[in-house]
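*Asks:* Structure incoming, see below.
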Amino acid sequence: MTKVKGLWYRPDMLVIYAEDKMFRVPLSILVARSSIFRDMKLDMGEDGKAKNEEIYEGIPVVRLPDDAADVEAFLQAIFNSAYFPPPPVYQDEGTVRGILKLSHKYEVKYLFRRALQHVEMRCPFDLGEVVGEVTRRQSLVYPLANWITIELGKKVNAPWVLPAAYYMLCSNGVSSLLEEYPGYLDIPEERIKCIRATTAFTAAMISVHSFTQVDAVKLETEGECDDPATCYQTFPGRTNVFTHLSDCRLNSEKLCPNCQASAKEEYERGKEEFWNGLPEIFDLPSWEELLQRRAQVMRDPNHRWGNYQT
């Protein structure tokens, strides 16, 4: 019989302490998944006793400084294949957050990529997904989740999820940026960044909604409008720019076909220009650079992400 490399695990076990919880897991599988645990060189001696200083029932012990709930989710995702399926299966914010942090910290790369995919479901980089109902609901109902995404995106060096999170926060107006979340997070520098970016963000959103501003004389003399009086009354004029990109308050059914087509074309062009310029508003690299960074992380199995930020 031949032992199959990669599928011949040693019977070693490991006990992990995190806060008031303890876990006993197969050491050989854990070190196969995580280069950090592999580098700890936790092992059993030839006499069957643990080599390291702390043991529990003859099993080596590692104490982790991480949140116990995060460690539990992280270990469940490694040892229970059904626990953390990839998108589009929904995962709650706490589970995604814990697994993302620890899979990055302990370099479990496949798990890190999967957790990032869940974050991207909430904060996509594609404009077509941003204007969908999921991100609209996320923007209006879960501002805390967006703050947490910003904190995590910076911590695990995944900057391509930041523009959508910034957008969803700022699209609700300045007042939403001042809300406090005691006990959850405190990132005043990010609040300041968003508030400082408000002027540029507002100007960009006004540009998106410029299609709502029409000149009655031009409709009659320069355009191809079939019914200038009705179309002029239908265009809403100034509208609330602090709104989601999918919320267009133009009643296009009352416009003539030419004005419908013109308004839609201008609105789509305005959204695309806004989205392309969004990273710059928040002092981020261009989308091209951000997506190159993503490609490195998501496609290259040997890519090193850099140091974990605490």
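Residues in the structure tokens are numbered from 1 in each chain, the chains being A, B, ... in the order shown, and ligands are numbered from 1 in the order shown.
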Could you pull the residues within 10 Å of A:Asn276, counting only C-alpha atoms, minus those fewer than 2 positions along the same chain, as a list in words?
*Replies:*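 After dropping sequence-adjacent residues, the list is Leu127, Gly270, Lys271, Glu272, Glu273, Phe274, Leu278, Pro279, Glu280, Ser286, Trp287 and Glu288 of chain A.
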*Asks:* Taking N, CA, C and O atoms for each residue, export the selection above as an mmCIF file, in the first residue's frame.
*Replies:*
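And here's part_36.cif as it stands now:
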```cif
data_model
loop_
_atom_site.group_PDB
_atom_site.id
_atom_site.type_symbol
_atom_site.label_atom_id
_atom_site.label_comp_id
_atom_site.auth_asym_id
_atom_site.auth_seq_id
_atom_site.Cartn_x
_atom_site.Cartn_y
_atom_site.Cartn_z
ATOM 1 N N LEU A 127 -20.757 48.607 -10.772
ATOM 2 C CA LEU A 127 -21.857 49.559 -10.705
ATOM 3 C C LEU A 127 -23.209 48.889 -10.883
ATOM 4 O O LEU A 127 -24.189 49.241 -10.215
ATOM 5 N N GLY A 270 -24.161 59.754 -16.291
ATOM 6 C CA GLY A 270 -23.819 60.426 -15.042
ATOM 7 C C GLY A 270 -23.458 59.441 -13.940
ATOM 8 O O GLY A 270 -22.506 59.654 -13.181
ATOM 9 N N LYS A 271 -24.211 58.330 -13.844
ATOM 10 C CA LYS A 271 -23.903 57.309 -12.834
ATOM 11 C C LYS A 271 -22.531 56.688 -13.078
ATOM 12 O O LYS A 271 -21.759 56.471 -12.136
ATOM 13 N N GLU A 272 -22.241 56.408 -14.344
ATOM 14 C CA GLU A 272 -20.964 55.780 -14.659
ATOM 15 C C GLU A 272 -19.801 56.716 -14.345
ATOM 16 O O GLU A 272 -18.778 56.294 -13.780
ATOM 17 N N GLU A 273 -19.935 57.994 -14.690
ATOM 18 C CA GLU A 273 -18.880 58.961 -14.391
ATOM 19 C C GLU A 273 -18.692 59.122 -12.892
ATOM 20 O O GLU A 273 -17.569 59.222 -12.393
ATOM 21 N N PHE A 274 -19.808 59.135 -12.154
ATOM 22 C CA PHE A 274 -19.735 59.236 -10.700
ATOM 23 C C PHE A 274 -19.004 58.040 -10.120
ATOM 24 O O PHE A 274 -18.111 58.186 -9.278
ATOM 25 N N LEU A 278 -15.446 57.827 -7.969
ATOM 26 C CA LEU A 278 -15.708 57.672 -6.534
ATOM 27 C C LEU A 278 -14.451 57.416 -5.700
ATOM 28 O O LEU A 278 -14.284 58.038 -4.643
ATOM 29 N N PRO A 279 -13.541 56.525 -6.111
ATOM 30 C CA PRO A 279 -12.355 56.293 -5.271
ATOM 31 C C PRO A 279 -11.560 57.564 -5.001
ATOM 32 O O PRO A 279 -11.070 57.767 -3.885
ATOM 33 N N GLU A 280 -11.433 58.421 -5.997
ATOM 34 C CA GLU A 280 -10.647 59.646 -5.825
ATOM 35 C C GLU A 280 -11.243 60.550 -4.750
ATOM 36 O O GLU A 280 -10.513 61.217 -4.016
ATOM 37 N N SER A 286 -7.251 54.470 -8.162
ATOM 38 C CA SER A 286 -8.291 54.320 -9.182
ATOM 39 C C SER A 286 -8.873 52.917 -9.129
ATOM 40 O O SER A 286 -8.280 51.987 -8.566
ATOM 41 N N TRP A 287 -10.053 52.764 -9.768
ATOM 42 C CA TRP A 287 -10.662 51.428 -9.825
ATOM 43 C C TRP A 287 -9.722 50.435 -10.499
ATOM 44 O O TRP A 287 -9.658 49.263 -10.104
ATOM 45 N N GLU A 288 -9.001 50.889 -11.507
ATOM 46 C CA GLU A 288 -8.082 49.985 -12.196
ATOM 47 C C GLU A 288 -7.048 49.418 -11.226
ATOM 48 O O GLU A 288 -6.789 48.204 -11.200
#
```
*Asks:* Hey, what's within 10 Å of stretch 77-79 of chain A if we count only C-alpha atoms and toss same-chain stuff fewer than 6 positions away? As a ChimeraX atom specification, please?
*Replies:* /A:25-26,29-30,33-34,71,85,95,99,103,108,110-111
*Asks:* Selection from above, N, CA, C and O atoms, as an mmCIF file, in the first residue's frame, can you write it?
*Replies:*
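As a result, selection.cif now contains:
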```cif
data_model
loop_
_atom_site.group_PDB
_atom_site.id
_atom_site.type_symbol
_atom_site.label_atom_id
_atom_site.label_comp_id
_atom_site.auth_asym_id
_atom_site.auth_seq_id
_atom_site.Cartn_x
_atom_site.Cartn_y
_atom_site.Cartn_z
ATOM 1 N N VAL A 25 -8.819 20.342 18.338
ATOM 2 C CA VAL A 25 -8.936 20.145 16.891
ATOM 3 C C VAL A 25 -7.745 19.330 16.389
ATOM 4 O O VAL A 25 -6.682 19.294 17.030
ATOM 5 N N PRO A 26 -7.903 18.689 15.225
ATOM 6 C CA PRO A 26 -6.787 17.938 14.627
ATOM 7 C C PRO A 26 -5.663 18.892 14.196
ATOM 8 O O PRO A 26 -5.867 19.750 13.327
ATOM 9 N N ILE A 29 -4.444 18.801 10.337
ATOM 10 C CA ILE A 29 -5.313 19.478 9.364
ATOM 11 C C ILE A 29 -5.158 20.990 9.490
ATOM 12 O O ILE A 29 -5.100 21.714 8.487
ATOM 13 N N LEU A 30 -5.070 21.479 10.720
ATOM 14 C CA LEU A 30 -4.932 22.915 10.932
ATOM 15 C C LEU A 30 -3.640 23.448 10.319
ATOM 16 O O LEU A 30 -3.645 24.493 9.653
ATOM 17 N N ARG A 33 -3.752 23.825 6.632
ATOM 18 C CA ARG A 33 -4.530 24.969 6.153
ATOM 19 C C ARG A 33 -3.833 26.305 6.439
ATOM 20 O O ARG A 33 -3.956 27.251 5.670
ATOM 21 N N SER A 34 -3.150 26.394 7.568
ATOM 22 C CA SER A 34 -2.620 27.669 8.034
ATOM 23 C C SER A 34 -1.100 27.643 8.156
ATOM 24 O O SER A 34 -0.546 26.869 8.950
ATOM 25 N N VAL A 71 -12.942 33.013 16.948
ATOM 26 C CA VAL A 71 -12.167 31.772 16.858
ATOM 27 C C VAL A 71 -13.090 30.585 16.588
ATOM 28 O O VAL A 71 -12.789 29.716 15.769
ATOM 29 N N PRO A 85 -20.527 28.210 3.617
ATOM 30 C CA PRO A 85 -20.539 28.045 2.162
ATOM 31 C C PRO A 85 -20.294 29.385 1.463
ATOM 32 O O PRO A 85 -20.492 30.453 2.055
ATOM 33 N N THR A 95 -20.341 36.485 11.643
ATOM 34 C CA THR A 95 -19.610 35.313 11.156
ATOM 35 C C THR A 95 -18.613 35.711 10.080
ATOM 36 O O THR A 95 -17.445 35.302 10.112
ATOM 37 N N ILE A 99 -14.459 35.416 10.542
ATOM 38 C CA ILE A 99 -13.693 34.546 9.648
ATOM 39 C C ILE A 99 -12.752 35.357 8.778
ATOM 40 O O ILE A 99 -11.605 34.943 8.523
ATOM 41 N N SER A 103 -8.895 34.445 9.188
ATOM 42 C CA SER A 103 -8.322 33.755 8.029
ATOM 43 C C SER A 103 -7.207 34.589 7.414
ATOM 44 O O SER A 103 -6.256 34.051 6.831
ATOM 45 N N VAL A 108 -5.110 31.513 6.201
ATOM 46 C CA VAL A 108 -5.877 30.421 5.601
ATOM 47 C C VAL A 108 -6.481 31.010 4.325
ATOM 48 O O VAL A 108 -7.570 31.588 4.341
ATOM 49 N N TYR A 110 -7.736 30.130 1.258
ATOM 50 C CA TYR A 110 -9.007 29.827 0.602
ATOM 51 C C TYR A 110 -10.177 30.385 1.405
ATOM 52 O O TYR A 110 -11.177 30.857 0.843
ATOM 53 N N LEU A 111 -10.055 30.358 2.722
ATOM 54 C CA LEU A 111 -11.120 30.853 3.590
ATOM 55 C C LEU A 111 -11.179 32.375 3.556
ATOM 56 O O LEU A 111 -12.264 32.966 3.590
#
```
*Asks:* Just checking: using only C-alpha atoms, which residue out of A:Glu93, A:Val130, A:Leu255, A:Ile281 ends up closest to A:Ile195?
*Replies:* A:Ile281
*Asks:* Which is closer to A:Ala73 than all the others in A:Trp275, A:Phe23, A:Tyr181, A:Phe125, using only C-alpha atoms?
*Replies:*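 Going through A:Trp275, A:Phe23, A:Tyr181, A:Phe125 one by one, the smallest distance to A:Ala73 is for A:Phe23.
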*Asks:* Under the rule that only C-alpha atoms are counted, which of A:Asn157, A:Leu100, A:Arg122, A:Val15 is the nearest residue to A:Tyr56?
*Replies:*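 So, comparing all the options, the nearest one is A:Val15.
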*Asks:* Fewer than 6 positions away in the same chain doesn't count, so skip those; otherwise give me all residues within 12 Å of A:Phe112, counting only C-alpha atoms, as a ChimeraX atom specification.
*Replies:* /A:33-34,74,77-78,84,86,96-106,118-119,156-158,297-298,301,305
*Asks:* What gap, in Å, lies between atom CA of A:Arg24 and atom CA of A:Glu107?
*Replies:* 19.8 Å
